Structures are given as C-alpha cells and as structure tokens.
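One file, input37.txt, carrying compact mmCIF, C-alpha atoms and all ligand atoms:
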# COMPACT_ATOMS: atom_id res chain seq x y z
CA MET A 1 -14.42 79.00 -29.58
CA GLU A 2 -15.65 82.57 -30.03
CA TYR A 3 -16.89 84.35 -26.91
CA ILE A 4 -18.90 87.50 -26.35
CA ASN A 5 -20.06 89.51 -23.36
CA LEU A 6 -23.83 89.77 -23.01
CA LYS A 7 -24.71 93.47 -22.92
CA ASN A 8 -25.10 95.11 -19.50
CA SER A 9 -23.60 92.06 -17.81
CA GLU A 10 -20.47 90.25 -16.76
CA LEU A 11 -21.58 87.10 -18.54
CA ARG A 12 -18.96 85.93 -21.02
CA VAL A 13 -20.49 83.26 -23.21
CA SER A 14 -19.62 81.17 -26.23
CA ARG A 15 -21.32 82.51 -29.35
CA LEU A 16 -22.64 79.02 -29.97
CA CYS A 17 -25.18 78.19 -27.28
CA MET A 18 -26.54 74.68 -26.87
CA GLY A 19 -30.33 74.87 -27.12
CA GLY A 20 -32.34 72.69 -24.79
CA CYS A 21 -35.63 72.39 -26.66
CA PRO A 22 -35.05 68.89 -28.12
CA MET A 23 -33.64 67.95 -24.70
CA GLY A 24 -37.20 68.09 -23.41
CA GLY A 25 -37.67 64.81 -25.29
CA TYR A 26 -41.14 65.94 -26.32
CA ASP A 27 -42.53 66.59 -29.79
CA TRP A 28 -39.19 66.29 -31.57
CA GLY A 29 -39.47 62.68 -32.80
CA SER A 30 -38.72 59.34 -31.21
CA ASP A 31 -34.92 59.32 -31.65
CA ILE A 32 -34.06 61.21 -28.46
CA ARG A 33 -32.05 59.39 -25.78
CA GLU A 34 -31.02 60.94 -22.49
CA ASP A 35 -27.57 59.31 -22.51
CA GLU A 36 -26.83 60.85 -25.93
CA LEU A 37 -28.07 64.26 -24.78
CA ILE A 38 -25.83 64.08 -21.72
CA ASP A 39 -22.86 63.06 -23.89
CA ALA A 40 -23.65 66.03 -26.17
CA VAL A 41 -23.56 68.42 -23.20
CA HIS A 42 -20.20 66.99 -22.07
CA CYS A 43 -18.89 67.22 -25.61
CA ALA A 44 -20.02 70.87 -25.74
CA VAL A 45 -18.24 71.76 -22.48
CA ASP A 46 -15.08 69.96 -23.63
CA SER A 47 -15.19 71.92 -26.90
CA GLY A 48 -15.45 75.33 -25.21
CA VAL A 49 -19.23 75.83 -25.37
CA ASN A 50 -20.08 77.34 -21.99
CA PHE A 51 -23.62 78.58 -22.68
CA PHE A 52 -26.76 76.42 -22.30
CA ASP A 53 -30.34 77.51 -22.88
CA THR A 54 -33.44 75.77 -21.61
CA ALA A 55 -36.98 76.57 -20.41
CA ASP A 56 -39.38 75.23 -17.83
CA THR A 57 -41.81 74.33 -20.62
CA TYR A 58 -39.41 72.14 -22.64
CA GLY A 59 -40.79 68.66 -21.95
CA LEU A 60 -42.54 70.21 -18.90
CA GLY A 61 -39.25 70.42 -17.01
CA GLN A 62 -37.51 67.39 -18.54
CA SER A 63 -35.01 69.56 -20.42
CA GLU A 64 -33.95 71.30 -17.20
CA ARG A 65 -33.70 67.95 -15.40
CA THR A 66 -31.48 66.41 -18.09
CA LEU A 67 -29.32 69.52 -18.36
CA GLY A 68 -28.89 69.59 -14.58
CA LYS A 69 -27.86 65.94 -14.58
CA ALA A 70 -25.38 66.51 -17.40
CA LEU A 71 -23.82 69.58 -15.75
CA LYS A 72 -23.38 68.01 -12.31
CA GLY A 73 -19.87 68.89 -11.15
CA LYS A 74 -19.43 71.39 -14.02
CA ARG A 75 -21.67 74.20 -12.75
CA HIS A 76 -18.80 76.65 -12.21
CA GLN A 77 -17.68 76.22 -15.86
CA VAL A 78 -20.95 77.19 -17.51
CA VAL A 79 -23.57 79.88 -17.98
CA ILE A 80 -27.14 78.57 -17.73
CA ALA A 81 -30.17 80.38 -19.15
CA SER A 82 -33.76 79.35 -18.62
CA LYS A 83 -37.18 80.91 -19.24
CA PHE A 84 -40.48 81.50 -17.48
CA GLY A 85 -43.82 82.96 -18.45
CA VAL A 86 -45.79 80.01 -19.76
CA HIS A 87 -48.11 78.58 -17.14
CA ALA A 88 -48.03 74.95 -18.16
CA LYS A 89 -49.08 72.14 -15.86
CA LYS A 90 -50.21 68.64 -16.75
CA GLY A 91 -53.98 68.41 -16.95
CA THR A 92 -54.70 72.17 -16.91
CA PRO A 93 -54.98 74.64 -19.81
CA THR A 94 -51.73 76.40 -20.72
CA PHE A 95 -51.58 80.19 -20.72
CA TYR A 96 -48.99 82.98 -20.60
CA ASP A 97 -48.36 84.24 -17.09
CA ASN A 98 -45.82 86.89 -16.09
CA SER A 99 -47.29 87.52 -12.65
CA PRO A 100 -44.79 87.88 -9.79
CA ARG A 101 -46.52 84.98 -8.07
CA TRP A 102 -45.87 82.67 -11.06
CA ILE A 103 -42.30 84.00 -11.47
CA ASN A 104 -41.53 83.09 -7.86
CA GLU A 105 -43.05 79.63 -8.20
CA SER A 106 -41.29 79.05 -11.54
CA ILE A 107 -37.76 79.96 -10.43
CA ASP A 108 -37.86 77.53 -7.52
CA GLY A 109 -38.95 74.70 -9.83
CA THR A 110 -36.28 75.60 -12.37
CA LEU A 111 -33.46 75.72 -9.79
CA SER A 112 -34.53 72.45 -8.26
CA ARG A 113 -34.71 70.64 -11.63
CA LEU A 114 -31.34 72.06 -12.69
CA GLY A 115 -29.82 71.10 -9.35
CA THR A 116 -28.32 74.54 -8.80
CA ASP A 117 -28.97 77.39 -6.37
CA TYR A 118 -28.64 80.17 -8.95
CA LEU A 119 -29.43 80.82 -12.60
CA ASP A 120 -27.20 83.06 -14.73
CA LEU A 121 -29.92 84.33 -17.06
CA TYR A 122 -33.69 84.22 -16.55
CA GLN A 123 -35.70 85.10 -19.63
CA VAL A 124 -39.31 86.16 -20.13
CA HIS A 125 -40.34 83.48 -22.64
CA TYR A 126 -43.45 85.36 -23.81
CA ARG A 127 -45.13 88.51 -22.45
CA ASP A 128 -48.59 87.74 -21.13
CA GLY A 129 -50.25 90.93 -22.42
CA LYS A 130 -51.45 91.97 -18.97
CA THR A 131 -48.79 92.09 -16.23
CA PRO A 132 -47.07 95.52 -16.39
CA LEU A 133 -43.37 95.17 -17.15
CA SER A 134 -42.61 97.18 -13.99
CA GLU A 135 -44.06 94.30 -11.93
CA VAL A 136 -42.04 91.73 -13.89
CA VAL A 137 -38.84 93.76 -13.42
CA GLY A 138 -39.65 94.21 -9.73
CA ALA A 139 -40.02 90.45 -9.23
CA LEU A 140 -36.82 89.76 -11.19
CA GLU A 141 -34.88 92.36 -9.17
CA ASP A 142 -36.09 90.63 -5.99
CA LEU A 143 -34.78 87.31 -7.35
CA LYS A 144 -31.43 88.99 -8.02
CA LYS A 145 -31.28 90.33 -4.47
CA ALA A 146 -32.10 86.84 -3.18
CA GLY A 147 -29.19 85.46 -5.22
CA LYS A 148 -31.45 83.17 -7.25
CA ILE A 149 -30.65 84.79 -10.62
CA ARG A 150 -27.76 86.90 -11.87
CA TYR A 151 -29.33 88.61 -14.91
CA TYR A 152 -32.55 88.65 -16.88
CA GLY A 153 -33.52 88.81 -20.52
CA LEU A 154 -36.42 88.75 -22.97
CA SER A 155 -37.71 86.64 -25.80
CA ASN A 156 -40.18 87.00 -28.66
CA ILE A 157 -40.61 90.73 -28.24
CA HIS A 158 -43.83 92.13 -29.67
CA GLU A 159 -43.72 95.52 -31.35
CA ASN A 160 -46.22 96.90 -28.81
CA ASP A 161 -43.88 96.01 -25.93
CA ARG A 162 -40.92 98.03 -27.14
CA ALA A 163 -41.74 101.39 -25.58
CA GLU A 164 -42.27 99.77 -22.20
CA ILE A 165 -38.99 97.83 -22.52
CA SER A 166 -37.05 100.96 -23.43
CA SER A 167 -37.99 102.52 -20.09
CA PHE A 168 -35.96 99.75 -18.40
CA GLU A 169 -32.76 100.32 -20.35
CA GLY A 170 -29.75 98.64 -18.82
CA ARG A 171 -31.84 96.10 -16.88
CA PHE A 172 -32.35 93.38 -19.51
CA VAL A 173 -29.25 91.88 -21.12
CA SER A 174 -30.53 89.86 -24.08
CA PHE A 175 -33.49 88.82 -26.21
CA GLN A 176 -34.27 85.71 -28.25
CA GLU A 177 -35.85 85.83 -31.70
CA GLU A 178 -36.14 83.34 -34.56
CA PHE A 179 -33.53 83.96 -37.25
CA SER A 180 -31.81 81.76 -39.83
CA LEU A 181 -31.21 81.50 -43.55
CA ALA A 182 -34.70 79.96 -43.62
CA CYS A 183 -36.33 82.69 -41.53
CA ARG A 184 -35.38 86.29 -42.04
CA LYS A 185 -38.68 87.94 -41.19
CA ASN A 186 -37.39 89.24 -37.82
CA GLU A 187 -34.12 90.55 -39.18
CA LYS A 188 -34.94 94.28 -39.04
CA ASP A 189 -36.42 93.92 -35.56
CA ILE A 190 -33.33 92.11 -34.34
CA GLN A 191 -31.04 94.84 -35.62
CA THR A 192 -33.23 97.65 -34.27
CA LEU A 193 -33.78 96.04 -30.88
CA SER A 194 -30.11 95.27 -30.32
CA ARG A 195 -29.19 98.82 -31.20
CA ASP A 196 -32.02 100.84 -29.62
CA LEU A 197 -32.54 98.70 -26.53
CA ASN A 198 -28.86 97.78 -26.14
CA LEU A 199 -29.52 94.03 -25.85
CA THR A 200 -27.59 91.01 -27.12
CA PRO A 201 -29.62 89.08 -29.71
CA MET A 202 -29.83 85.31 -29.40
CA THR A 203 -31.15 83.58 -32.50
CA TRP A 204 -33.37 80.53 -32.15
CA GLY A 205 -34.31 78.03 -34.86
CA SER A 206 -30.88 78.88 -36.25
CA LEU A 207 -30.88 75.65 -38.29
CA GLY A 208 -34.50 76.10 -39.36
CA GLN A 209 -35.43 73.25 -36.96
CA GLY A 210 -33.01 71.02 -38.88
CA ILE A 211 -33.81 71.79 -42.53
CA LEU A 212 -30.53 73.75 -42.93
CA THR A 213 -28.35 70.79 -41.99
CA GLY A 214 -28.58 69.28 -45.48
CA LYS A 215 -29.95 65.93 -44.31
CA TYR A 216 -33.54 66.53 -45.40
CA ASN A 217 -34.98 66.34 -48.90
CA ARG A 218 -38.48 66.01 -50.38
CA ASP A 219 -38.52 62.25 -49.63
CA ASN A 220 -37.66 62.30 -45.93
CA VAL A 221 -39.69 65.15 -44.47
CA ASN A 222 -42.75 63.04 -43.65
CA PHE A 223 -42.34 63.35 -39.90
CA GLN A 224 -44.29 61.03 -37.60
CA PRO A 225 -46.93 62.33 -35.21
CA GLY A 226 -44.95 63.23 -32.10
CA ASP A 227 -42.63 65.39 -34.13
CA ARG A 228 -43.74 69.03 -34.28
CA ARG A 229 -42.33 69.38 -37.77
CA ALA A 230 -45.22 67.25 -39.10
CA ARG A 231 -47.49 70.22 -38.46
CA ALA A 232 -47.94 72.88 -41.14
CA VAL A 233 -47.18 75.64 -38.63
CA TYR A 234 -43.54 74.48 -38.82
CA VAL A 235 -43.43 76.10 -42.24
CA ASN A 236 -39.81 75.21 -42.98
CA PHE A 237 -40.82 71.66 -43.89
CA HIS A 238 -43.95 72.36 -45.91
CA GLY A 239 -45.07 73.59 -49.32
CA GLU A 240 -43.32 76.42 -51.12
CA LYS A 241 -41.21 77.24 -48.09
CA LEU A 242 -39.75 73.74 -48.13
CA GLN A 243 -38.91 74.12 -51.82
CA LYS A 244 -37.21 77.46 -51.18
CA ASN A 245 -35.29 76.00 -48.21
CA LEU A 246 -34.04 73.08 -50.28
CA GLU A 247 -32.72 75.59 -52.83
CA ILE A 248 -30.88 77.42 -50.02
CA VAL A 249 -29.45 74.09 -48.87
CA GLU A 250 -28.02 73.50 -52.35
CA LYS A 251 -26.14 76.82 -52.08
CA LEU A 252 -25.04 75.91 -48.56
CA ARG A 253 -23.78 72.57 -49.85
CA ALA A 254 -21.61 74.26 -52.48
CA VAL A 255 -20.17 76.73 -49.96
CA ALA A 256 -19.63 73.94 -47.41
CA ALA A 257 -17.64 71.93 -49.98
CA LYS A 258 -15.43 74.95 -50.67
CA TYR A 259 -14.49 75.32 -46.99
CA GLY A 260 -14.55 71.59 -46.15
CA LYS A 261 -17.23 72.16 -43.50
CA PRO A 262 -20.55 70.46 -42.67
CA VAL A 263 -23.62 72.18 -44.14
CA SER A 264 -24.94 73.01 -40.65
CA ALA A 265 -21.65 74.75 -39.79
CA VAL A 266 -22.01 77.09 -42.78
CA ALA A 267 -25.63 77.88 -41.84
CA ILE A 268 -24.38 78.81 -38.36
CA ARG A 269 -21.38 80.76 -39.69
CA PHE A 270 -23.70 82.88 -41.82
CA ILE A 271 -25.53 84.09 -38.71
CA LEU A 272 -22.33 84.60 -36.70
CA ASP A 273 -20.94 86.80 -39.48
CA TYR A 274 -24.21 88.51 -40.42
CA LEU A 275 -25.05 89.45 -36.82
CA PRO A 276 -21.56 89.89 -35.35
CA LEU A 277 -22.77 90.68 -31.82
CA SER A 278 -25.16 87.77 -31.56
CA VAL A 279 -25.33 84.38 -29.89
CA VAL A 280 -26.52 81.47 -32.04
CA LEU A 281 -28.73 78.87 -30.35
CA CYS A 282 -28.78 75.37 -31.82
CA GLY A 283 -30.65 72.40 -30.48
CA VAL A 284 -28.96 69.00 -30.82
CA LYS A 285 -29.87 65.42 -30.01
CA ARG A 286 -26.43 63.79 -29.91
CA PRO A 287 -22.68 64.53 -29.86
CA SER A 288 -22.19 64.09 -33.62
CA GLN A 289 -24.61 66.97 -34.31
CA LEU A 290 -22.87 69.14 -31.74
CA LEU A 291 -19.47 68.41 -33.27
CA ASP A 292 -20.74 69.39 -36.73
CA ASN A 293 -22.23 72.63 -35.41
CA ILE A 294 -19.09 73.61 -33.52
CA GLN A 295 -17.31 73.71 -36.85
CA GLY A 296 -19.32 76.88 -37.51
CA CYS A 297 -17.02 78.73 -35.09
CA ASP A 298 -13.61 80.37 -35.42
CA TRP A 299 -13.51 81.20 -39.12
CA HIS A 300 -15.27 83.58 -41.53
CA LEU A 301 -17.17 83.34 -44.78
CA ASP A 302 -15.72 85.36 -47.68
CA ALA A 303 -17.78 88.38 -48.70
CA ASP A 304 -18.90 86.74 -51.97
CA ASP A 305 -20.15 83.64 -50.14
CA MET A 306 -22.01 85.83 -47.64
CA GLN A 307 -23.61 87.62 -50.57
CA LEU A 308 -24.55 84.36 -52.29
CA LEU A 309 -26.28 83.03 -49.16
CA ASP A 310 -27.82 86.41 -48.39
CA GLU A 311 -29.37 86.67 -51.84
CA ALA A 312 -30.50 83.03 -51.91
CA SER A 313 -32.35 83.46 -48.62
CA ARG A 314 -34.03 86.83 -49.20
N1 LIG B 401 -37.30 81.78 -27.21
C1 LIG B 401 -38.05 80.93 -27.88
O1 LIG B 401 -39.27 81.10 -28.01
C2 LIG B 401 -37.42 79.74 -28.52
C3 LIG B 401 -38.14 79.00 -29.47
C4 LIG B 401 -37.53 77.90 -30.03
C5 LIG B 401 -36.24 77.55 -29.65
N2 LIG B 401 -35.57 78.27 -28.72
C6 LIG B 401 -34.19 77.92 -28.31
O2 LIG B 401 -33.38 77.88 -29.46
C7 LIG B 401 -32.77 76.59 -29.59
C8 LIG B 401 -32.57 76.27 -31.06
O3 LIG B 401 -33.80 76.14 -31.75
P1 LIG B 401 -34.44 74.72 -32.09
O4 LIG B 401 -33.79 73.67 -31.22
O5 LIG B 401 -35.90 74.88 -31.99
O6 LIG B 401 -34.10 74.50 -33.61
P2 LIG B 401 -32.72 74.34 -34.44
O7 LIG B 401 -31.56 74.55 -33.57
O8 LIG B 401 -32.89 75.14 -35.66
O9 LIG B 401 -32.81 72.79 -34.89
C9 LIG B 401 -32.58 71.76 -33.97
C10 LIG B 401 -32.70 70.41 -34.65
O10 LIG B 401 -31.90 70.33 -35.82
C11 LIG B 401 -31.35 69.01 -35.95
N3 LIG B 401 -29.88 69.17 -35.95
C12 LIG B 401 -29.12 70.02 -35.19
N4 LIG B 401 -27.83 69.95 -35.52
C13 LIG B 401 -27.74 69.04 -36.51
C14 LIG B 401 -26.67 68.54 -37.28
N5 LIG B 401 -25.42 68.97 -37.12
N6 LIG B 401 -26.93 67.60 -38.22
C15 LIG B 401 -28.17 67.15 -38.42
N7 LIG B 401 -29.25 67.61 -37.72
C16 LIG B 401 -29.04 68.52 -36.77
C17 LIG B 401 -31.85 68.20 -34.77
O11 LIG B 401 -33.10 67.56 -35.09
P3 LIG B 401 -33.24 66.26 -36.03
O12 LIG B 401 -32.00 65.44 -35.85
O13 LIG B 401 -34.49 65.60 -35.56
O14 LIG B 401 -33.40 66.82 -37.43
C18 LIG B 401 -32.18 69.29 -33.76
O15 LIG B 401 -33.13 68.87 -32.84
C19 LIG B 401 -33.73 75.68 -28.83
O16 LIG B 401 -33.18 74.43 -28.52
C20 LIG B 401 -34.08 76.53 -27.65
O17 LIG B 401 -33.02 76.53 -26.71
C21 LIG B 401 -36.14 79.37 -28.16

What would you get if you wrote out this structure as structure tokens?
Ligand SMILES: NC(=O)c1ccc[n+]([C@@H]2O[C@H](COP(=O)([O-])OP(=O)(O)OC[C@H]3O[C@@H](n4cnc5c(N)ncnc54)[C@H](OP(=O)(O)O)[C@@H]3O)[C@@H](O)[C@H]2O)c1
Amino acid sequence: MEYINLKNSELRVSRLCMGGCPMGGYDWGSDIREDELIDAVHCAVDSGVNFFDTADTYGLGQSERTLGKALKGKRHQVVIASKFGVHAKKGTPTFYDNSPRWINESIDGTLSRLGTDYLDLYQVHYRDGKTPLSEVVGALEDLKKAGKIRYYGLSNIHENDRAEISSFEGRFVSFQEEFSLACRKNEKDIQTLSRDLNLTPMTWGSLGQGILTGKYNRDNVNFQPGDRRARAVYVNFHGEKLQKNLEIVEKLRAVAAKYGKPVSAVAIRFILDYLPLSVVLCGVKRPSQLLDNIQGCDWHLDADDMQLLDEASR
C-alpha cells in the first residue's frame, strides 16, 4: 500500500481511502448489505488501507454507525475522517450550517455513532455562506483542545472562500473535491489549492460514481428510483457525457488488459499518478469491489498510457 502524510499533520494515511457514501445505504440502489460493507472494511484494513471517510449526512448517520461497528477493536489501526456542515434531520428542511452550535452538536453525534471518543479528521462538508470562517476555526480549535478531534479539513471549496481560507494557513490539512477521468472540471482548482493553501487534495467520485469500473454500458444504466444515478444531475450516466465516458472506458479497458489489472484499478492509478500528493476516495459496496480497487496501488502507468488516458478524458 502507498502511504502519504496529510499536510500540516501527523496523519499517515493510505493513498486509497475507503469512501463511506454508499455505506449510508441510502440512494445508491437496493444491493447494499451491512454484512458485506463490514466485510469490505475488514478486507480494507487487512490489505493496508488505514483511511476511512464518512459524513453525518450519509444515510443520516447510518454510514457512521456501520463504519463504527466494522472498526470495533481496530480503532488504533485506522484514521477516521467525517464531515459536518449540513443540517439534516428527519422531517425538517435540510440546510447548510457551519455555526459553532451545530458543530458542537454534530461532533457528539458523530463520535457516538462511530463508537469512538475522538475523530482524526473533521471536515467542513460545505460552507454555509454566512458563518465567518474565524468562528468555524474557533469551534474546531475548541474541539481539538477537548480531545474530540485531531485535525480538520475542508471540502467543496468555492472560489469566493479562498481568500478567507488562506488567512488560516497551516490550520486545515486537506480538502475534498470531485476529480476523475470522467470529471476534470476541478483539476486546476485542485492543483492551485494544494499548492497555494498547502492542503492535501482528496478526490471524490474517483470512479465517476461507478461508470469508470467498466461494468456499465448503454443497456444497463437504467437505474431504479432509489439510486441517485437515475437522476440527470448525476451527469456521468446520462446523454453525451455517458457516451464520452463509455469511450474513456474503452481506453481504460485496453490499458487494463496490458497491465493485467481491473478497469477500476487503472482509473484509480491514473489519479494517483496524475496528482502524486493526493488521496483517492472510492466508495464500495462489497469486498470484491475493494479488492479490485486496491490493485490500483503500488505500481505506475507508463508515460504513454498516462497520455492516452489524459487525452481521452480532456
Ligand atoms: N466531499 C464531498 O462532497 C463528497 C461527495 C461525494 C463523495 N464523497 C466521498 O468520496 C467517496 C467516493 O465517491 P463516491 O462513493 O460518491 O463515488 P465513486 O467512488 O466514484 O463510486 C462508488 C461506486 O462505484 C461502484 N464501484 C466501486 N468500486 C467498484 C468496482 N471495483 N467494481 C464495480 N463497481 C464498483 C459502486 O457502486 P455500484 O456497484 O452500484 O456501481 C460504488 O458504490 C464517497 O464514498 C465519500 O466518502 C465526498
């Protein structure tokens, strides 16, 4: 396994991080089983993956509960990241909320669901557009002093937030942004933010929500209601974007055959090599998917294959 230190921190993490979004069991289809998710977490730990990402909103806490259950007795071996900032409660409207009051309520819920008394990395899921960052940092520093979190990070950084973030240099350790062979629109931002704000980038949707695994084609992308990918906003599975993605998958397939790797592993390897200081987040539903994805680690793509995939996905 490849490991990296998150900037401004003592956190040493595997470059492949197991994403906990499908673990919420919500809006990702009907083929999610808790026993398979738990087996996937164990399989990850046994394979050297020590980094797990979740959020209080994934399945309204279900992802944190399942992850906590799976990591019982393994807490000292792993680095756990979660997120706050979306005020989501059953029966009430959902809104972004970075207020210190909500941060304090959120962390206690997160720790209790995870069954741990500290979190390694607490990330602002989305900025709420109103709470000054100084107040957010103040609340997070208080959580550090209380021993509830070790470090904090960001996610989905808006251009307008950058100046404010730069005045807290050295405080945040990481940021999450969507990036994959199917989604390169944030590429410049990722490179600029990692350099100028000295943060470790963590890519989400690294498999394009599954399209880059090679298992989808025009005939099997009619997702059922209850799977977010049925909605047009999940562009990777719709219209021209789907066509373009399927062309990328054909290139991936050829490269995968050359190296004797699963298609998903090559999609992951591209990011690991293209953004050499990054962490790649991948959501999985079962051990077999995890085992495929792990094969993205500990090797490199030749320069001509990098170029082929780079050009195909531009
Ligand atoms: N900060 C943010 O705002 C944000 C947003 C989104 C995600 N994230 C984080 O990033 C993580 C990764 O993103 P994501 O989970 O949305 O998307 P992803 O990793 O691109 O895709 C995950 C899906 O791909 C399929 N898959 C994965 N590995 C596979 C394999 N080897 N073979 C076949 N299918 C496979 C599975 O779905 P099927 O089997 O149903 O195809 C899985 O649920 C999340 O879990 C979460 O931790 C963060």

Item to complete: Write out as a list of chain:residue names the residues lying within 8 Å of segment 104-111 of chain A, counting only C-alpha atoms and excluding same-chain residues fewer than 5 positions away.
Response: A:Asp56, A:Gly61, A:Glu64, A:Ser82, A:Phe84, A:Thr116, A:Asp117, A:Tyr118, A:Leu119, A:Ala139, A:Leu143, A:Lys148

Please dump the current selection as a PDB file, keeping the file's coordinate frame; keep C-alpha atoms.
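As a result, result.pdb now contains:
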ATOM      1  CA  ASP A  56     -39.380  75.230 -17.830  1.00  0.00           C
ATOM      2  CA  GLY A  61     -39.250  70.420 -17.010  1.00  0.00           C
ATOM      3  CA  GLU A  64     -33.950  71.300 -17.200  1.00  0.00           C
ATOM      4  CA  SER A  82     -33.760  79.350 -18.620  1.00  0.00           C
ATOM      5  CA  PHE A  84     -40.480  81.500 -17.480  1.00  0.00           C
ATOM      6  CA  THR A 116     -28.320  74.540  -8.800  1.00  0.00           C
ATOM      7  CA  ASP A 117     -28.970  77.390  -6.370  1.00  0.00           C
ATOM      8  CA  TYR A 118     -28.640  80.170  -8.950  1.00  0.00           C
ATOM      9  CA  LEU A 119     -29.430  80.820 -12.600  1.00  0.00           C
ATOM     10  CA  ALA A 139     -40.020  90.450  -9.230  1.00  0.00           C
ATOM     11  CA  LEU A 143     -34.780  87.310  -7.350  1.00  0.00           C
ATOM     12  CA  LYS A 148     -31.450  83.170  -7.250  1.00  0.00           C
TER      13      LYS A 148
END

Practice prompt. For Leu246 of chain A, list every protein, DNA or RNA residue within 10 Å, evaluated using all atoms listed in the file, and leave out those in the same chain fewer than 6 positions away; present the list as a list in words.
Written response: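 Contacts, in chain order: Ala182, Ile211, Leu212, Gly214, Tyr216, Asn217, Arg218, Asn236, Phe237, Glu240 and Leu252 of chain A.
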
Worksheet item: Can you tell me, as a list of chain:residue names, what residues are no more than 10 Å from Ala55 of chain A when counting only C-alpha atoms, ignoring any on the same chain fewer than 6 positions away?
Response: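 My list of contacting residues is A:Gly19, A:Gly20, A:Cys21, A:Gly24, A:Gly61, A:Gln62, A:Ser63, A:Glu64, A:Ala81, A:Ser82, A:Lys83, A:Phe84, A:Gly85, A:Val86, A:Thr110, A:Tyr122, A:Gln123, A:Val124, A:His125.
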
Fill in: Surrounding residues of Ser313 of chain A excluding itself and chain neighbours under 6 positions, 10 Å, all atoms listed in the file, as a list in words
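Result of the neighbour search: Ser180, Leu181, Ala182, Cys183, Arg184, Lys244, Asn245, Glu247, Ile248, Val249, Lys251 and Gln307 of chain A.
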
Worksheet item: Any idea what the distance is between atom CA of Ile80 of chain A and atom CA of Val235 of chain A?
Response: 29.5 Å

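For the pair atom O1 of ligand LIG 401 (chain B) and atom CA of Tyr126 of chain A, the interatomic distance is 7.3 Å.
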
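If only C-alpha atoms and all ligand atoms are the atoms counted, then among A:Leu60, A:Leu133, A:Leu16, A:Ala257 the closest residue to ligand LIG 401 (chain B) is A:Leu16.
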
Practice prompt. Calculate how many Å separate atom CA of Asn160 of chain A from atom CA of Asn186 of chain A, rounding to one decimal.
Written response: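 Taking atom CA of Asn160 of chain A as the start and atom CA of Asn186 of chain A as the end point, the length is 14.8 Å.
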
Worksheet item: Given the choices A:Leu207, A:Val233, A:Met23, A:Val78, which gets closest to ligand LIG 401 (chain B) if the distance is worked out from all atoms listed in the file?
Response: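 Nearest to ligand LIG 401 (chain B): A:Leu207.
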
Discussion item. Env of Arg75 of chain A: 12 Å cut, atoms = only C-alpha atoms, seq-sep filter 2 positions within chain, self excluded. Answer as number ranges by chain.
Written reply: A: 42, 45, 50-52, 67-73, 77-80, 114-120

Discussion item. When you count only C-alpha atoms, which of these residues is closest to Gln176 of chain A: A:Leu308, A:Val255, A:Cys17, A:Ile268?
Written reply: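 The answer is A:Cys17, which sits nearest to Gln176 of chain A.
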
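If only C-alpha atoms are the atoms counted, then among A:Ile157, A:Ile294, A:Val137, A:Val279 the closest residue to Thr200 of chain A is A:Val279.
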
Practice prompt. Compare A:Gly239, A:Gly296, A:Pro201, A:Gly208 by their minimum atom-to-atom distance to ligand LIG 401 (chain B), counting all atoms listed in the file, and give me the closest one.
Written response: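 Using all atoms listed in the file, ligand LIG 401 (chain B) sits closest to A:Gly208.
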
Each residue of segment 147-248 of chain A with at least one atom at most 12 Å from segment 30-38 of chain A should appear once, together with its nearest atom pair and the corresponding distance in Å (one decimal); atoms considered: all atoms listed in the file; ordering: chain, then increasing residue number; output as JSON lines.
{"residue": "A:Phe223", "atom": "CA", "partner": "A:Ser30", "partner_atom": "CA", "distance": 10.2}
{"residue": "A:Gln224", "atom": "CA", "partner": "A:Ser30", "partner_atom": "CA", "distance": 8.6}
{"residue": "A:Pro225", "atom": "CA", "partner": "A:Ser30", "partner_atom": "CA", "distance": 9.6}
{"residue": "A:Gly226", "atom": "CA", "partner": "A:Ser30", "partner_atom": "CA", "distance": 7.4}
{"residue": "A:Asp227", "atom": "CA", "partner": "A:Ser30", "partner_atom": "CA", "distance": 7.8}
{"residue": "A:Arg228", "atom": "CA", "partner": "A:Ser30", "partner_atom": "CA", "distance": 11.3}

Worksheet item: Using only C-alpha atoms and all ligand atoms, which residue out of A:Ser14, A:Thr92, A:Asn220, A:Asn98 lies closest to ligand LIG 401 (chain B)?
Response: A:Asn220

Discussion item. From (-19.0, 86.6, -37.2), in the file's coordinates, out to 12 Å: which residues are reached, counting all atoms listed in the file? Answer as a PyMOL selection string.
Written reply: chain A and resi 1-4+15-16+266-280+296-303+306
